[in-house]
Amino acid sequence: MWRDAVLIAGRDLRIEARSRVVVNQVAPFAVLVLVLFAFALDPDRGVLERAAAGLFWVAVLFSALLAVQRSFSLESADGTRDALRLSGLDPAGIFLGKALAVAAQLAALQVLLGAGIVVLYGTDLGRPALLVATAALATAGLAAAGTVYGILAAGLRVRETLLPLLLLPVVAPVLLAATRAWEAGLASVASEGWPWLRVLGVFAVVYTAVGIAAFGSLLEDA
Amino acid sequence: MAVAIRLRSAVALAGRFPVLAGVDLEVGAGEVVLVAGPNGAGKTSLLRLCAGLLPVSQGEAEVLGHDLRSDRRAVRRRLALLGHATGVYDDLTVVEQATFAARAVGQPAARGARALAQVGMDGRLRDVAVARLSAGQRRRLALACLLVRDADLWLLDEPHAGLDAAGRDVLDALVTEQAAAGGTVVIASHEIDRAEPLAGRTLVMAGGRLHDREPVHVA
Amino acid sequence: MTAPPSTGPRRATGTPATTVLGAVALLALTGTVALGLALPLTREQRVYSRLIAIHPPVAWTAYLAVAVTAIASALYLWPRTRDRRWDRVAAASAEVGVVFIALMLATGSIWGRPTWGVWWTWDARLTASALMLVLYLGYLAVRRVPADIEVRARRSAVTALLAIVVVPINHMAVEWWRTLHQGRSLAELDPGSNLDGAFIAAMLLGFLAMTLVYAWLVVHRYRVEALEERLAERGLDAAIAERRAEAVMVDQ
């Protein structure tokens, strides 16, 4: 399973390195979202600084949507899903591999967005340890849930509209917990933030387990 | 085993439509069989069913000793399918795609390189991105990805389509080699003239079933 | 697979059993409304306090529906108990459940209005339930995608299980969040202090009534689904014959 996961993750990341979709399109989109928030929330009234944690994570969510869409648009071209089914690769390994690739891309996007809120919203990164730990767990959960719903929607013509409808409600707890943790971290009251990591941890573990168990069956029907 | 494929009254559905309406087929190991027939007859569905991609709704289906009604997935590793679609990734280079295909079935990367040589895609094409290949070159690459599997059973769907004359010769040679080595090959094609010389036996697909001779079609 | 032998065409999905069920449900519902309207007005909430007869029962039924969908989906996916009937139960319960969740949100919203003057308060349970509504709308959207019946059943079952997994996580997280902020809560309106027998009686009758209504709706929706599937399958033998007729053998 792990060997196959590494093979798939490596392939997906190599494709990204060659096609640069995340770098050229998703990253600018993420920064654009931050900028648009400023248009909506009026930088002069101090709302942006107070809401920075939430705005950051909303931007991450939208970027995650795009990253997952991209991950599965690869598998919608020219019979590649059939090839995956025939390949003999362990479906759990394929799941982990694709989720790992998405997670890596999300991590890079978060670094960019983090720089974004520091520069654009004047945020002070109070407690980096809490921020990083939150980001790691949240990313794992987003990548796992995203990959599960990605394969579920992959073969459907209505994929582009169905995936957001399915995925966003499911990751709402991640948004909630990550934002609360980051609010605490940015305000340097870390003790209030650490407990939220439990929610993120449970979410990540549950959806990773579900993905490992269900990906094979979902791939057959995709 | 002596019998590579055995289908009895196999029915397969696409939604509610019976693409295969009771297929009887027996292919022995080492045989090369041509399934001819017009478009829409069900040739592709037949190959997909044998590959374990299409579920069997009624009847019996056994491929390489595996009962497809109980487990469709187990047989896939032992066979190779060359479909209409090529199953290759646009953003990889030719050699990266071949390496991936090889390592996916547990072969070393060198096997992928050898397969590229077998189809005549080594040399200057190695580091070209798949997206920049012509349709015929993509087909050859798909053929290389088929070769790395070292499969006992080949299922080829319109294999000559899109290949130039040199490519077709390569394909013919590979099929002959596979048969000589004891492998089984099923070719689905509507280009009977091109494919028939390769085959020991020709069957005709019509009305969702296989026939030994050409039926007359009602317009 | 061939269509099962039919016992004659069915005109409707009603049977003697469901008629009785429906009558009892209607009776209970009427009783609830009557008892509810007979409840005295409270000082704080005036007429809206009567919603105690409706809102908690509707909420309970919504969660029941969601649970049934999850259990039925699990039973469908488990190889030993795989049966298309579970898929139909899951689908029926989800559809009815969405209605009840929406009702829960509406009644909860109305209940809170006189006390706080706003239509929506980010009360923990209402917020979590709003998310649940969207989750199950997603389930219904997945079911609408055209596909082979078995494929659709499998896909929806997985969707339902994915949804149910997040429901408790979400409820706990939201609950924690809102209590931290000492937000306004519908729990304040609950009958902690109103131990008046009349309120309790109305609410309990309401629980019974809503559960019966739910059961009646699910049975009928299930049967509609079953009839639709039978209709689809009945055509198969004819379709096979038609397919074979595309070729005509010529004897030489």
# chains A, B, ... in the order shown; residues from 1 in each chain; ligands from 1
>>> closest_atom_pairs(of="chain B", to="chain A", cutoff="8 Å", atoms="only C-alpha atoms", output="JSON lines")
{"residue": "B:Leu53", "atom": "CA", "partner": "A:Asp82", "partner_atom": "CA", "distance": 7.8}
{"residue": "B:Arg76", "atom": "CA", "partner": "A:Leu86", "partner_atom": "CA", "distance": 5.6}
{"residue": "B:Arg77", "atom": "CA", "partner": "A:Gly88", "partner_atom": "CA", "distance": 5.3}
{"residue": "B:Ala80", "atom": "CA", "partner": "A:Leu86", "partner_atom": "CA", "distance": 7.9}
{"residue": "B:Ala85", "atom": "CA", "partner": "A:Gly79", "partner_atom": "CA", "distance": 5.1}
{"residue": "B:Thr86", "atom": "CA", "partner": "A:Asp78", "partner_atom": "CA", "distance": 6.1}
{"residue": "B:Gly87", "atom": "CA", "partner": "A:Thr80", "partner_atom": "CA", "distance": 4.1}
{"residue": "B:Val88", "atom": "CA", "partner": "A:Thr80", "partner_atom": "CA", "distance": 6.3}
{"residue": "B:Tyr89", "atom": "CA", "partner": "A:Thr80", "partner_atom": "CA", "distance": 7.3}
{"residue": "B:Asp91", "atom": "CA", "partner": "A:Ile15", "partner_atom": "CA", "distance": 5.4}
{"residue": "B:Leu92", "atom": "CA", "partner": "A:Ile15", "partner_atom": "CA", "distance": 6.1}
{"residue": "B:Phe100", "atom": "CA", "partner": "A:Arg11", "partner_atom": "CA", "distance": 7.6}
{"residue": "B:Ala101", "atom": "CA", "partner": "A:Ser87", "partner_atom": "CA", "distance": 7.7}
{"residue": "B:Arg103", "atom": "CA", "partner": "A:Leu7", "partner_atom": "CA", "distance": 7.8}
{"residue": "B:Ala104", "atom": "CA", "partner": "A:Leu89", "partner_atom": "CA", "distance": 6.1}
{"residue": "B:Val105", "atom": "CA", "partner": "A:Gly88", "partner_atom": "CA", "distance": 6.3}
>>> residues_around(residues="B:Ala144", least_positions_apart="3", cutoff="12 Å", atoms="only C-alpha atoms", output="mmCIF file with N, CA and C atoms, in the first residue's frame")
data_model
loop_
_atom_site.group_PDB
_atom_site.id
_atom_site.type_symbol
_atom_site.label_atom_id
_atom_site.label_comp_id
_atom_site.auth_asym_id
_atom_site.auth_seq_id
_atom_site.Cartn_x
_atom_site.Cartn_y
_atom_site.Cartn_z
ATOM 1 N N ALA B 80 -3.970 -7.631 -20.033
ATOM 2 C CA ALA B 80 -3.680 -6.261 -20.439
ATOM 3 C C ALA B 80 -4.700 -5.857 -21.490
ATOM 4 N N LEU B 81 -5.222 -4.646 -21.351
ATOM 5 C CA LEU B 81 -6.248 -4.143 -22.251
ATOM 6 C C LEU B 81 -5.727 -2.923 -22.995
ATOM 7 N N LEU B 82 -5.860 -2.945 -24.313
ATOM 8 C CA LEU B 82 -5.550 -1.759 -25.109
ATOM 9 C C LEU B 82 -6.879 -1.232 -25.610
ATOM 10 N N THR B 86 -6.322 5.859 -24.341
ATOM 11 C CA THR B 86 -4.957 5.384 -24.159
ATOM 12 C C THR B 86 -4.549 5.283 -22.699
ATOM 13 N N GLY B 87 -5.235 5.997 -21.818
ATOM 14 C CA GLY B 87 -4.900 5.901 -20.404
ATOM 15 C C GLY B 87 -3.555 6.475 -20.037
ATOM 16 N N VAL B 88 -3.087 7.445 -20.789
ATOM 17 C CA VAL B 88 -1.804 8.062 -20.469
ATOM 18 C C VAL B 88 -2.024 9.503 -20.029
ATOM 19 N N VAL B 94 7.233 10.757 -22.200
ATOM 20 C CA VAL B 94 7.064 9.384 -22.666
ATOM 21 C C VAL B 94 7.746 8.396 -21.725
ATOM 22 N N VAL B 95 8.981 8.693 -21.378
ATOM 23 C CA VAL B 95 9.706 7.751 -20.532
ATOM 24 C C VAL B 95 9.121 7.717 -19.121
ATOM 25 N N GLN B 97 5.977 8.142 -18.339
ATOM 26 C CA GLN B 97 4.749 7.363 -18.410
ATOM 27 C C GLN B 97 5.071 5.877 -18.439
ATOM 28 N N ALA B 98 6.050 5.496 -19.239
ATOM 29 C CA ALA B 98 6.417 4.083 -19.330
ATOM 30 C C ALA B 98 6.967 3.588 -17.997
ATOM 31 N N THR B 99 7.759 4.403 -17.353
ATOM 32 C CA THR B 99 8.303 4.017 -16.037
ATOM 33 C C THR B 99 7.173 3.834 -15.038
ATOM 34 N N PHE B 100 6.225 4.755 -15.041
ATOM 35 C CA PHE B 100 5.094 4.640 -14.120
ATOM 36 C C PHE B 100 4.338 3.347 -14.368
ATOM 37 N N ALA B 101 4.056 3.058 -15.639
ATOM 38 C CA ALA B 101 3.322 1.837 -15.969
ATOM 39 C C ALA B 101 4.076 0.604 -15.507
ATOM 40 N N ALA B 102 5.389 0.642 -15.650
ATOM 41 C CA ALA B 102 6.182 -0.513 -15.239
ATOM 42 C C ALA B 102 6.154 -0.670 -13.723
ATOM 43 N N ARG B 111 12.312 -2.040 -17.473
ATOM 44 C CA ARG B 111 11.327 -2.766 -18.291
ATOM 45 C C ARG B 111 10.538 -1.787 -19.141
ATOM 46 N N GLY B 112 10.235 -0.625 -18.572
ATOM 47 C CA GLY B 112 9.537 0.399 -19.331
ATOM 48 C C GLY B 112 10.370 0.877 -20.507
ATOM 49 N N ALA B 113 11.654 1.074 -20.267
ATOM 50 C CA ALA B 113 12.529 1.525 -21.346
ATOM 51 C C ALA B 113 12.589 0.482 -22.456
ATOM 52 N N ARG B 114 12.638 -0.780 -22.037
ATOM 53 C CA ARG B 114 12.684 -1.855 -23.048
ATOM 54 C C ARG B 114 11.403 -1.881 -23.863
ATOM 55 N N ALA B 115 10.273 -1.656 -23.204
ATOM 56 C CA ALA B 115 8.999 -1.649 -23.926
ATOM 57 C C ALA B 115 8.964 -0.517 -24.939
ATOM 58 N N LEU B 116 9.498 0.627 -24.558
ATOM 59 C CA LEU B 116 9.544 1.744 -25.502
ATOM 60 C C LEU B 116 10.361 1.369 -26.729
ATOM 61 N N ALA B 117 11.459 0.668 -26.496
ATOM 62 C CA ALA B 117 12.277 0.227 -27.618
ATOM 63 C C ALA B 117 11.499 -0.748 -28.495
ATOM 64 N N GLN B 118 10.734 -1.628 -27.857
ATOM 65 C CA GLN B 118 9.966 -2.616 -28.624
ATOM 66 C C GLN B 118 8.945 -1.957 -29.540
ATOM 67 N N VAL B 119 8.423 -0.813 -29.142
ATOM 68 C CA VAL B 119 7.436 -0.168 -30.011
ATOM 69 C C VAL B 119 8.055 0.942 -30.853
ATOM 70 N N GLY B 120 9.351 1.116 -30.732
ATOM 71 C CA GLY B 120 10.003 2.124 -31.555
ATOM 72 C C GLY B 120 9.816 3.539 -31.047
ATOM 73 N N MET B 121 9.647 3.703 -29.728
ATOM 74 C CA MET B 121 9.466 5.048 -29.178
ATOM 75 C C MET B 121 10.683 5.496 -28.378
ATOM 76 N N ASP B 122 11.780 4.816 -28.486
ATOM 77 C CA ASP B 122 12.944 5.325 -27.771
ATOM 78 C C ASP B 122 13.661 6.307 -28.668
ATOM 79 N N GLN B 137 1.344 8.180 -32.124
ATOM 80 C CA GLN B 137 2.416 7.985 -31.146
ATOM 81 C C GLN B 137 1.844 7.668 -29.768
ATOM 82 N N ARG B 138 0.714 8.290 -29.434
ATOM 83 C CA ARG B 138 0.058 7.964 -28.167
ATOM 84 C C ARG B 138 -0.341 6.502 -28.129
ATOM 85 N N ARG B 139 -0.841 6.012 -29.269
ATOM 86 C CA ARG B 139 -1.243 4.605 -29.323
ATOM 87 C C ARG B 139 -0.050 3.703 -29.098
ATOM 88 N N ARG B 140 1.068 4.072 -29.717
ATOM 89 C CA ARG B 140 2.273 3.251 -29.532
ATOM 90 C C ARG B 140 2.697 3.263 -28.069
ATOM 91 N N LEU B 141 2.576 4.423 -27.428
ATOM 92 C CA LEU B 141 2.936 4.519 -26.018
ATOM 93 C C LEU B 141 2.009 3.628 -25.201
ATOM 94 N N LEU B 147 2.793 -3.694 -22.894
ATOM 95 C CA LEU B 147 3.868 -4.680 -22.906
ATOM 96 C C LEU B 147 4.492 -4.902 -21.539
ATOM 97 N N VAL B 148 4.633 -3.816 -20.765
ATOM 98 C CA VAL B 148 5.338 -3.967 -19.480
ATOM 99 C C VAL B 148 4.601 -4.888 -18.525
ATOM 100 N N ARG B 149 3.343 -5.140 -18.781
ATOM 101 C CA ARG B 149 2.588 -5.968 -17.856
ATOM 102 C C ARG B 149 2.938 -7.440 -17.977
ATOM 103 N N ASP B 150 3.602 -7.814 -19.110
ATOM 104 C CA ASP B 150 3.937 -9.228 -19.320
ATOM 105 C C ASP B 150 2.723 -10.114 -19.035
ATOM 106 N N GLY B 167 3.781 1.528 -37.585
ATOM 107 C CA GLY B 167 3.191 1.145 -36.310
ATOM 108 C C GLY B 167 2.399 -0.139 -36.413
ATOM 109 N N VAL B 170 4.658 -3.055 -36.460
ATOM 110 C CA VAL B 170 5.141 -3.324 -35.094
ATOM 111 C C VAL B 170 4.091 -4.106 -34.317
ATOM 112 N N LEU B 171 2.853 -3.649 -34.409
ATOM 113 C CA LEU B 171 1.772 -4.314 -33.680
ATOM 114 C C LEU B 171 1.630 -5.766 -34.130
ATOM 115 N N LEU B 174 4.318 -7.889 -32.728
ATOM 116 C CA LEU B 174 4.164 -8.134 -31.289
ATOM 117 C C LEU B 174 3.078 -9.172 -31.022
#
>>> residues_around(residues="stretch 34-36 of chain A", least_positions_apart="3", cutoff="8 Å", atoms="only C-alpha atoms", output="PyMOL selection string")
chain A and resi 30-31+39-40+55-56+59+116-117+120
>>> write_last_selection(atoms="C-alpha atoms", output="PDB file, in the first residue's frame")
ATOM      1  CA  ALA A  30      -5.797  32.181  -3.131  1.00  0.00           C
ATOM      2  CA  VAL A  31      -4.091  35.552  -2.825  1.00  0.00           C
ATOM      3  CA  PHE A  39     -12.607  45.019  -0.706  1.00  0.00           C
ATOM      4  CA  ALA A  40     -15.567  43.553   1.127  1.00  0.00           C
ATOM      5  CA  LEU A  55     -10.346  34.689   6.367  1.00  0.00           C
ATOM      6  CA  PHE A  56      -7.150  32.693   6.074  1.00  0.00           C
ATOM      7  CA  ALA A  59      -9.189  31.062   1.548  1.00  0.00           C
ATOM      8  CA  GLY A 116      -0.397  36.977   2.621  1.00  0.00           C
ATOM      9  CA  ILE A 117      -2.162  37.701   5.862  1.00  0.00           C
ATOM     10  CA  LEU A 120      -1.954  42.323   3.672  1.00  0.00           C
TER      11      LEU A 120
END
>>> select_by_dssp(residues="stretch 100-166 of chain B", states="strand (DSSP E)", output="number ranges by chain")
B: 153-157
>>> select_by_dssp(residues="stretch 27-125 of chain B", states="helix (DSSP H, G or I)", output="PyMOL selection string")
chain B and resi 43-50+74-78+94-104+109-119+123-125
>>> interface_residues(of="chain C", to="chain A", cutoff="10 Å", atoms="only C-alpha atoms", output="number ranges by chain")
C: 128, 130-139, 141-142, 145-148, 150-152, 154-156, 158-159, 161-167, 169-174, 176-177
>>> atom_distance(atom1="atom CA of C:Ser129", atom2="atom CA of C:Ala92")
19.3 Å
>>> atom_distance(atom1="atom CA of C:Arg244", atom2="atom CA of B:Glu62")
22.6 Å
>>> closest_atom_pairs(of="chain B", to="chain C", cutoff="12 Å", atoms="only C-alpha atoms", output="tab-separated table")
residue	atom	partner	partner_atom	distance
B:Ser9	CA	C:Ile240	CA	11.5
B:Ala10	CA	C:Ile240	CA	11.4
B:Val11	CA	C:Ile240	CA	8.6
B:Ala12	CA	C:Ile240	CA	10.0
B:Leu13	CA	C:Asp148	CA	8.6
B:Ala14	CA	C:Asp148	CA	7.4
B:Gly15	CA	C:Asp148	CA	4.7
B:Arg16	CA	C:Leu236	CA	6.9
B:Phe17	CA	C:Ala239	CA	6.8
B:Pro18	CA	C:Ile240	CA	5.9
B:Val19	CA	C:Arg243	CA	7.6
B:Leu20	CA	C:Arg243	CA	8.3
B:Ala21	CA	C:Ile240	CA	5.5
B:Gly22	CA	C:Ile240	CA	8.3
B:Val23	CA	C:Arg244	CA	10.5
B:Gly37	CA	C:Ala247	CA	10.9
B:Pro38	CA	C:Ala247	CA	11.2
B:Gly40	CA	C:Glu246	CA	10.6
B:Ala41	CA	C:Glu246	CA	8.9
B:Gly42	CA	C:Arg243	CA	10.4
B:Leu54	CA	C:Val151	CA	11.8
B:Pro55	CA	C:Glu150	CA	10.6
B:Val56	CA	C:Met1	CA	10.1
B:Ser57	CA	C:Met1	CA	6.3
B:Gln58	CA	C:Met1	CA	6.4
B:Gly59	CA	C:Met1	CA	9.8
B:Ser70	CA	C:Pro79	CA	11.8
B:Val204	CA	C:Ala247	CA	10.5
B:Met205	CA	C:Ala247	CA	9.1
B:Ala206	CA	C:Ala247	CA	5.5
B:Gly207	CA	C:Arg244	CA	4.1
B:Gly208	CA	C:Arg244	CA	5.9
B:Arg209	CA	C:Arg244	CA	7.0
B:Leu210	CA	C:Arg244	CA	10.3
B:His211	CA	C:Met249	CA	8.9
B:Asp212	CA	C:Met249	CA	10.4
B:Arg213	CA	C:Met249	CA	8.6
B:Glu214	CA	C:Met249	CA	7.7
B:Pro215	CA	C:Met249	CA	4.6
B:Val216	CA	C:Val248	CA	5.3
B:His217	CA	C:Ala247	CA	5.0
B:Val218	CA	C:Glu246	CA	6.4
B:Ala219	CA	C:Glu246	CA	8.5
>>> residues_around(residues="stretch 152-164 of chain B", least_positions_apart="2", cutoff="6 Å", atoms="only C-alpha atoms", output="list in words")
Leu79, Ala80, Leu81, Leu82, Gly83, Gly136, Ala166, Gly167, Arg168, Gly183, Thr184, Val185, Val186, Ile187, Ala188 and Ser189 of chain B
>>> write_last_selection(atoms="N, CA and C atoms", output="mmCIF file, in the first residue's frame")
data_model
loop_
_atom_site.group_PDB
_atom_site.id
_atom_site.type_symbol
_atom_site.label_atom_id
_atom_site.label_comp_id
_atom_site.auth_asym_id
_atom_site.auth_seq_id
_atom_site.Cartn_x
_atom_site.Cartn_y
_atom_site.Cartn_z
ATOM 1 N N LEU B 79 -3.957 -9.701 -17.030
ATOM 2 C CA LEU B 79 -4.225 -9.425 -18.428
ATOM 3 C C LEU B 79 -3.850 -7.976 -18.746
ATOM 4 N N ALA B 80 -3.970 -7.631 -20.033
ATOM 5 C CA ALA B 80 -3.680 -6.261 -20.439
ATOM 6 C C ALA B 80 -4.700 -5.857 -21.490
ATOM 7 N N LEU B 81 -5.222 -4.646 -21.351
ATOM 8 C CA LEU B 81 -6.248 -4.143 -22.251
ATOM 9 C C LEU B 81 -5.727 -2.923 -22.995
ATOM 10 N N LEU B 82 -5.860 -2.945 -24.313
ATOM 11 C CA LEU B 82 -5.550 -1.759 -25.109
ATOM 12 C C LEU B 82 -6.879 -1.232 -25.610
ATOM 13 N N GLY B 83 -7.358 -0.173 -24.989
ATOM 14 C CA GLY B 83 -8.697 0.305 -25.299
ATOM 15 C C GLY B 83 -8.696 1.441 -26.310
ATOM 16 N N GLY B 136 -1.126 8.710 -33.223
ATOM 17 C CA GLY B 136 -0.493 7.424 -33.478
ATOM 18 C C GLY B 136 0.611 7.132 -32.480
ATOM 19 N N ALA B 166 4.137 1.772 -40.320
ATOM 20 C CA ALA B 166 5.211 1.188 -39.507
ATOM 21 C C ALA B 166 4.663 0.705 -38.179
ATOM 22 N N GLY B 167 3.781 1.528 -37.585
ATOM 23 C CA GLY B 167 3.191 1.145 -36.310
ATOM 24 C C GLY B 167 2.399 -0.139 -36.413
ATOM 25 N N ARG B 168 1.662 -0.271 -37.520
ATOM 26 C CA ARG B 168 0.865 -1.481 -37.704
ATOM 27 C C ARG B 168 1.746 -2.708 -37.818
ATOM 28 N N GLY B 183 0.948 -16.844 -25.224
ATOM 29 C CA GLY B 183 -0.044 -15.910 -24.720
ATOM 30 C C GLY B 183 -1.296 -15.924 -25.581
ATOM 31 N N THR B 184 -2.383 -15.500 -25.009
ATOM 32 C CA THR B 184 -3.663 -15.463 -25.708
ATOM 33 C C THR B 184 -3.953 -14.030 -26.131
ATOM 34 N N VAL B 185 -4.523 -13.870 -27.330
ATOM 35 C CA VAL B 185 -4.831 -12.527 -27.804
ATOM 36 C C VAL B 185 -6.258 -12.513 -28.353
ATOM 37 N N VAL B 186 -7.042 -11.549 -27.915
ATOM 38 C CA VAL B 186 -8.361 -11.324 -28.507
ATOM 39 C C VAL B 186 -8.353 -9.933 -29.116
ATOM 40 N N ILE B 187 -8.626 -9.871 -30.405
ATOM 41 C CA ILE B 187 -8.637 -8.584 -31.095
ATOM 42 C C ILE B 187 -10.059 -8.267 -31.506
ATOM 43 N N ALA B 188 -10.500 -7.053 -31.197
ATOM 44 C CA ALA B 188 -11.799 -6.589 -31.671
ATOM 45 C C ALA B 188 -11.540 -5.568 -32.753
ATOM 46 N N SER B 189 -12.088 -5.775 -33.931
ATOM 47 C CA SER B 189 -11.795 -4.834 -35.002
ATOM 48 C C SER B 189 -12.878 -4.891 -36.062
#
